[in-house]
>>> print(open('input-v3.pdb').read())   # PDB, C-alpha atoms
ATOM      1  CA  MET S   1       4.026  21.947   5.621
ATOM      2  CA  SER S   2       3.295  18.263   5.262
ATOM      3  CA  THR S   3       5.475  15.691   3.562
ATOM      4  CA  GLN S   4       3.878  14.165   0.491
ATOM      5  CA  LEU S   5       2.944  10.492   0.721
ATOM      6  CA  THR S   6       4.873   8.148  -1.535
ATOM      7  CA  LEU S   7       3.637   4.579  -2.045
ATOM      8  CA  THR S   8       5.717   1.883  -3.723
ATOM      9  CA  THR S   9       4.976  -1.814  -4.123
ATOM     10  CA  ASP S  10       7.247  -4.724  -4.854
ATOM     11  CA  SER S  11       6.670  -8.481  -5.004
ATOM     12  CA  ARG S  12       9.041 -10.756  -3.164
ATOM     13  CA  GLU S  13      10.104 -14.150  -4.495
ATOM     14  CA  ASP S  14       7.764 -15.874  -2.020
ATOM     15  CA  GLY S  15       4.775 -14.004  -3.481
ATOM     16  CA  VAL S  16       4.329 -11.631  -0.549
ATOM     17  CA  VAL S  17       3.722  -8.051  -1.632
ATOM     18  CA  LEU S  18       5.757  -5.320   0.036
ATOM     19  CA  LEU S  19       3.997  -1.940   0.282
ATOM     20  CA  ILE S  20       6.420   0.831   1.206
ATOM     21  CA  ALA S  21       4.986   4.129   2.443
ATOM     22  CA  SER S  22       6.944   7.275   3.194
ATOM     23  CA  GLY S  23       5.881  10.776   4.158
ATOM     24  CA  GLU S  24       2.654  11.544   5.997
ATOM     25  CA  ILE S  25      -0.584   9.559   5.973
ATOM     26  CA  ASP S  26      -3.529  11.827   6.719
ATOM     27  CA  MET S  27      -7.022  12.677   5.490
ATOM     28  CA  SER S  28      -5.640  14.248   2.314
ATOM     29  CA  ASN S  29      -4.227  10.933   1.070
ATOM     30  CA  VAL S  30      -5.846   8.162   3.112
ATOM     31  CA  ASP S  31      -7.922   7.065   0.105
ATOM     32  CA  ALA S  32      -4.773   6.434  -1.928
ATOM     33  CA  PHE S  33      -3.277   4.564   1.040
ATOM     34  CA  GLY S  34      -6.416   2.431   1.355
ATOM     35  CA  GLU S  35      -6.348   1.608  -2.358
ATOM     36  CA  ALA S  36      -2.681   0.628  -2.099
ATOM     37  CA  LEU S  37      -3.506  -1.652   0.846
ATOM     38  CA  ALA S  38      -6.357  -3.244  -1.114
ATOM     39  CA  ASP S  39      -4.090  -3.869  -4.106
ATOM     40  CA  ALA S  40      -1.251  -5.212  -1.931
ATOM     41  CA  THR S  41      -3.501  -7.693  -0.110
ATOM     42  CA  ARG S  42      -5.508  -8.810  -3.131
ATOM     43  CA  LYS S  43      -3.635 -12.115  -3.396
ATOM     44  CA  GLY S  44      -2.843 -12.684   0.277
ATOM     45  CA  THR S  45      -0.601 -11.356   2.999
ATOM     46  CA  ALA S  46       1.341  -8.138   2.509
ATOM     47  CA  ILE S  47       4.105  -6.440   4.435
ATOM     48  CA  VAL S  48       3.397  -2.753   5.017
ATOM     49  CA  ASP S  49       6.635  -0.871   5.551
ATOM     50  CA  LEU S  50       5.934   2.319   7.495
ATOM     51  CA  ARG S  51       9.548   3.027   8.479
ATOM     52  CA  GLY S  52       9.553   6.144   6.295
ATOM     53  CA  VAL S  53       6.243   7.494   7.638
ATOM     54  CA  GLU S  54       6.559  10.627   9.748
ATOM     55  CA  TYR S  55       2.877  11.043  10.654
ATOM     56  CA  LEU S  56      -0.078   8.642  10.769
ATOM     57  CA  ASP S  57      -3.534   9.977  11.620
ATOM     58  CA  SER S  58      -6.686   8.087  12.623
ATOM     59  CA  GLY S  59      -7.715   7.627   8.995
ATOM     60  CA  GLY S  60      -4.477   5.795   8.303
ATOM     61  CA  ILE S  61      -4.944   3.672  11.429
ATOM     62  CA  ASN S  62      -8.481   2.783  10.309
ATOM     63  CA  ALA S  63      -7.201   1.809   6.864
ATOM     64  CA  LEU S  64      -4.671  -0.528   8.496
ATOM     65  CA  PHE S  65      -7.368  -2.014  10.763
ATOM     66  CA  ALA S  66      -9.449  -2.880   7.687
ATOM     67  CA  TYR S  67      -6.642  -5.185   6.505
ATOM     68  CA  ALA S  68      -5.344  -6.369   9.889
ATOM     69  CA  ASP S  69      -5.927 -10.018   9.033
ATOM     70  CA  ARG S  70      -3.831  -9.739   5.853
ATOM     71  CA  ILE S  71      -0.869  -7.526   6.766
ATOM     72  CA  ARG S  72       2.346  -7.424   8.735
ATOM     73  CA  ILE S  73       3.829  -4.047   9.623
ATOM     74  CA  ARG S  74       7.381  -2.761   9.687
ATOM     75  CA  THR S  75       7.584   0.506  11.573
ATOM     76  CA  ASN S  76       9.849   3.093  13.101
ATOM     77  CA  ALA S  77      10.074   4.088  16.767
ATOM     78  CA  LEU S  78       7.931   7.175  16.163
ATOM     79  CA  LEU S  79       4.853   5.127  15.226
ATOM     80  CA  VAL S  80       5.151   2.356  17.834
ATOM     81  CA  PRO S  81       3.092   4.260  20.462
ATOM     82  CA  VAL S  82       0.362   5.039  17.904
ATOM     83  CA  LEU S  83       0.110   1.408  16.825
ATOM     84  CA  THR S  84       0.115   0.251  20.459
ATOM     85  CA  VAL S  85      -2.450   2.718  21.841
ATOM     86  CA  SER S  86      -4.792   2.094  18.902
ATOM     87  CA  GLY S  87      -4.722  -1.655  19.612
ATOM     88  CA  LEU S  88      -3.451  -2.461  16.139
ATOM     89  CA  ALA S  89      -0.206  -3.907  17.543
ATOM     90  CA  GLU S  90      -2.290  -6.600  19.266
ATOM     91  CA  LEU S  91      -3.855  -7.700  15.964
ATOM     92  CA  VAL S  92      -0.950  -7.364  13.565
ATOM     93  CA  ASP S  93       2.610  -8.634  13.653
ATOM     94  CA  VAL S  94       4.662  -5.446  14.116
ATOM     95  CA  GLU S  95       8.382  -5.501  13.382
ATOM     96  CA  ARG S  96      10.499  -2.669  14.743
TER
END
>>> encode(input="input-v3.pdb", output="structure tokens")
Amino acid sequence: MSTQLTLTTDSREDGVVLLIASGEIDMSNVDAFGEALADATRKGTAIVDLRGVEYLDSGGINALFAYADRIRIRTNALLVPVLTVSGLAELVDVER
């Protein structure tokens, strides 16, 4: 059984949007994740907090690639290999 995706946004005092994702990002919810990324980056750079994500499939990786020039990522140890092998860690500032 998969863990439902939860997406929350918050604006910091410096104007940077924080998008917090938890659960699993897969083909069943990648459209919602993509829409959240679009909204978060509408006015500039966003921080995407993936520390609560337990699973990230290729659709989720592709969604992140689409916004690579406008995001920074916070992640957990589980996702570091996925972000590295995909090449995303070379394009985006990744905080562990």
>>> residues_around(input="input-v3.pdb", residues="range 58-60 of chain S", least_positions_apart="2", cutoff="12 Å", atoms="only C-alpha atoms", output="number ranges by chain")
S: 5, 21, 24-37, 50, 53, 55-56, 62-67, 79, 82-83, 85-86, 88
>>> resolve_selection(input="input-v3.pdb", expression="the PyMOL selection byres ((chain S and resi 16) around 9)", output="ChimeraX atom specification")
/S:10-15,17-18,40-41,43-47
>>> atom_distance(input="input-v3.pdb", atom1="CA of Val80 in chain S", atom2="CA of Glu95 in chain S")
9.6 Å
>>> atom_distance(input="input-v3.pdb", atom1="CA of Val92 in chain S", atom2="CA of Ile71 in chain S")
6.8 Å
>>> atom_distance(input="input-v3.pdb", atom1="CA of Ile73 in chain S", atom2="CA of Arg96 in chain S")
8.5 Å
>>> closest_residue(input="input-v3.pdb", among="S:Asp39, S:Asp57, S:Asp49, S:Asp69", to="Leu91 in chain S", atoms="only C-alpha atoms")
S:Asp69
>>> build_atoms(input="input-v3.pdb", residues="range 44-71 of chain S", atoms="N, CA and C atoms", output="PDB file, in the coordinates of the input")
ATOM      1  N   GLY S  44      -3.261 -12.077  -0.983  1.00  0.00           N
ATOM      2  CA  GLY S  44      -2.843 -12.684   0.277  1.00  0.00           C
ATOM      3  C   GLY S  44      -2.175 -11.680   1.192  1.00  0.00           C
ATOM      4  N   THR S  45      -1.266 -12.177   1.994  1.00  0.00           N
ATOM      5  CA  THR S  45      -0.601 -11.356   2.999  1.00  0.00           C
ATOM      6  C   THR S  45       0.362 -10.352   2.363  1.00  0.00           C
ATOM      7  N   ALA S  46       0.419  -9.178   2.963  1.00  0.00           N
ATOM      8  CA  ALA S  46       1.341  -8.138   2.509  1.00  0.00           C
ATOM      9  C   ALA S  46       2.117  -7.599   3.699  1.00  0.00           C
ATOM     10  N   ILE S  47       3.309  -7.136   3.433  1.00  0.00           N
ATOM     11  CA  ILE S  47       4.105  -6.440   4.435  1.00  0.00           C
ATOM     12  C   ILE S  47       3.959  -4.951   4.142  1.00  0.00           C
ATOM     13  N   VAL S  48       3.552  -4.196   5.155  1.00  0.00           N
ATOM     14  CA  VAL S  48       3.397  -2.753   5.017  1.00  0.00           C
ATOM     15  C   VAL S  48       4.556  -2.107   5.756  1.00  0.00           C
ATOM     16  N   ASP S  49       5.436  -1.492   4.992  1.00  0.00           N
ATOM     17  CA  ASP S  49       6.635  -0.871   5.551  1.00  0.00           C
ATOM     18  C   ASP S  49       6.350   0.607   5.815  1.00  0.00           C
ATOM     19  N   LEU S  50       6.228   0.946   7.085  1.00  0.00           N
ATOM     20  CA  LEU S  50       5.934   2.319   7.495  1.00  0.00           C
ATOM     21  C   LEU S  50       7.166   3.020   8.075  1.00  0.00           C
ATOM     22  N   ARG S  51       8.341   2.448   7.881  1.00  0.00           N
ATOM     23  CA  ARG S  51       9.548   3.027   8.479  1.00  0.00           C
ATOM     24  C   ARG S  51       9.836   4.440   7.984  1.00  0.00           C
ATOM     25  N   GLY S  52       9.336   4.802   6.821  1.00  0.00           N
ATOM     26  CA  GLY S  52       9.553   6.144   6.295  1.00  0.00           C
ATOM     27  C   GLY S  52       8.391   7.096   6.548  1.00  0.00           C
ATOM     28  N   VAL S  53       7.414   6.656   7.344  1.00  0.00           N
ATOM     29  CA  VAL S  53       6.243   7.494   7.638  1.00  0.00           C
ATOM     30  C   VAL S  53       6.527   8.361   8.853  1.00  0.00           C
ATOM     31  N   GLU S  54       6.294   9.655   8.692  1.00  0.00           N
ATOM     32  CA  GLU S  54       6.559  10.627   9.748  1.00  0.00           C
ATOM     33  C   GLU S  54       5.316  10.971  10.556  1.00  0.00           C
ATOM     34  N   TYR S  55       4.134  10.696   9.991  1.00  0.00           N
ATOM     35  CA  TYR S  55       2.877  11.043  10.654  1.00  0.00           C
ATOM     36  C   TYR S  55       1.807  10.088  10.165  1.00  0.00           C
ATOM     37  N   LEU S  56       0.999   9.578  11.083  1.00  0.00           N
ATOM     38  CA  LEU S  56      -0.078   8.642  10.769  1.00  0.00           C
ATOM     39  C   LEU S  56      -1.299   9.058  11.571  1.00  0.00           C
ATOM     40  N   ASP S  57      -2.348   9.541  10.882  1.00  0.00           N
ATOM     41  CA  ASP S  57      -3.534   9.977  11.620  1.00  0.00           C
ATOM     42  C   ASP S  57      -4.538   8.833  11.755  1.00  0.00           C
ATOM     43  N   SER S  58      -5.682   9.123  12.348  1.00  0.00           N
ATOM     44  CA  SER S  58      -6.686   8.087  12.623  1.00  0.00           C
ATOM     45  C   SER S  58      -7.224   7.451  11.348  1.00  0.00           C
ATOM     46  N   GLY S  59      -7.279   8.210  10.261  1.00  0.00           N
ATOM     47  CA  GLY S  59      -7.715   7.627   8.995  1.00  0.00           C
ATOM     48  C   GLY S  59      -6.760   6.548   8.516  1.00  0.00           C
ATOM     49  N   GLY S  60      -5.480   6.784   8.671  1.00  0.00           N
ATOM     50  CA  GLY S  60      -4.477   5.795   8.303  1.00  0.00           C
ATOM     51  C   GLY S  60      -4.552   4.564   9.188  1.00  0.00           C
ATOM     52  N   ILE S  61      -4.770   4.794  10.489  1.00  0.00           N
ATOM     53  CA  ILE S  61      -4.944   3.672  11.429  1.00  0.00           C
ATOM     54  C   ILE S  61      -6.158   2.833  11.029  1.00  0.00           C
ATOM     55  N   ASN S  62      -7.272   3.503  10.716  1.00  0.00           N
ATOM     56  CA  ASN S  62      -8.481   2.783  10.309  1.00  0.00           C
ATOM     57  C   ASN S  62      -8.254   1.983   9.036  1.00  0.00           C
ATOM     58  N   ALA S  63      -7.511   2.544   8.096  1.00  0.00           N
ATOM     59  CA  ALA S  63      -7.201   1.809   6.864  1.00  0.00           C
ATOM     60  C   ALA S  63      -6.407   0.546   7.189  1.00  0.00           C
ATOM     61  N   LEU S  64      -5.452   0.643   8.091  1.00  0.00           N
ATOM     62  CA  LEU S  64      -4.671  -0.528   8.496  1.00  0.00           C
ATOM     63  C   LEU S  64      -5.540  -1.557   9.207  1.00  0.00           C
ATOM     64  N   PHE S  65      -6.457  -1.099  10.070  1.00  0.00           N
ATOM     65  CA  PHE S  65      -7.368  -2.014  10.763  1.00  0.00           C
ATOM     66  C   PHE S  65      -8.195  -2.823   9.769  1.00  0.00           C
ATOM     67  N   ALA S  66      -8.612  -2.196   8.673  1.00  0.00           N
ATOM     68  CA  ALA S  66      -9.449  -2.880   7.687  1.00  0.00           C
ATOM     69  C   ALA S  66      -8.747  -4.087   7.071  1.00  0.00           C
ATOM     70  N   TYR S  67      -7.421  -4.095   7.099  1.00  0.00           N
ATOM     71  CA  TYR S  67      -6.642  -5.185   6.505  1.00  0.00           C
ATOM     72  C   TYR S  67      -5.807  -5.933   7.535  1.00  0.00           C
ATOM     73  N   ALA S  68      -6.149  -5.797   8.802  1.00  0.00           N
ATOM     74  CA  ALA S  68      -5.344  -6.369   9.889  1.00  0.00           C
ATOM     75  C   ALA S  68      -5.120  -7.868   9.746  1.00  0.00           C
ATOM     76  N   ASP S  69      -6.070  -8.566   9.164  1.00  0.00           N
ATOM     77  CA  ASP S  69      -5.927 -10.018   9.033  1.00  0.00           C
ATOM     78  C   ASP S  69      -5.063 -10.428   7.840  1.00  0.00           C
ATOM     79  N   ARG S  70      -4.603  -9.430   7.053  1.00  0.00           N
ATOM     80  CA  ARG S  70      -3.831  -9.739   5.853  1.00  0.00           C
ATOM     81  C   ARG S  70      -2.509  -8.993   5.755  1.00  0.00           C
ATOM     82  N   ILE S  71      -2.108  -8.303   6.837  1.00  0.00           N
ATOM     83  CA  ILE S  71      -0.869  -7.526   6.766  1.00  0.00           C
ATOM     84  C   ILE S  71       0.065  -7.813   7.936  1.00  0.00           C
TER      85      ILE S  71
END
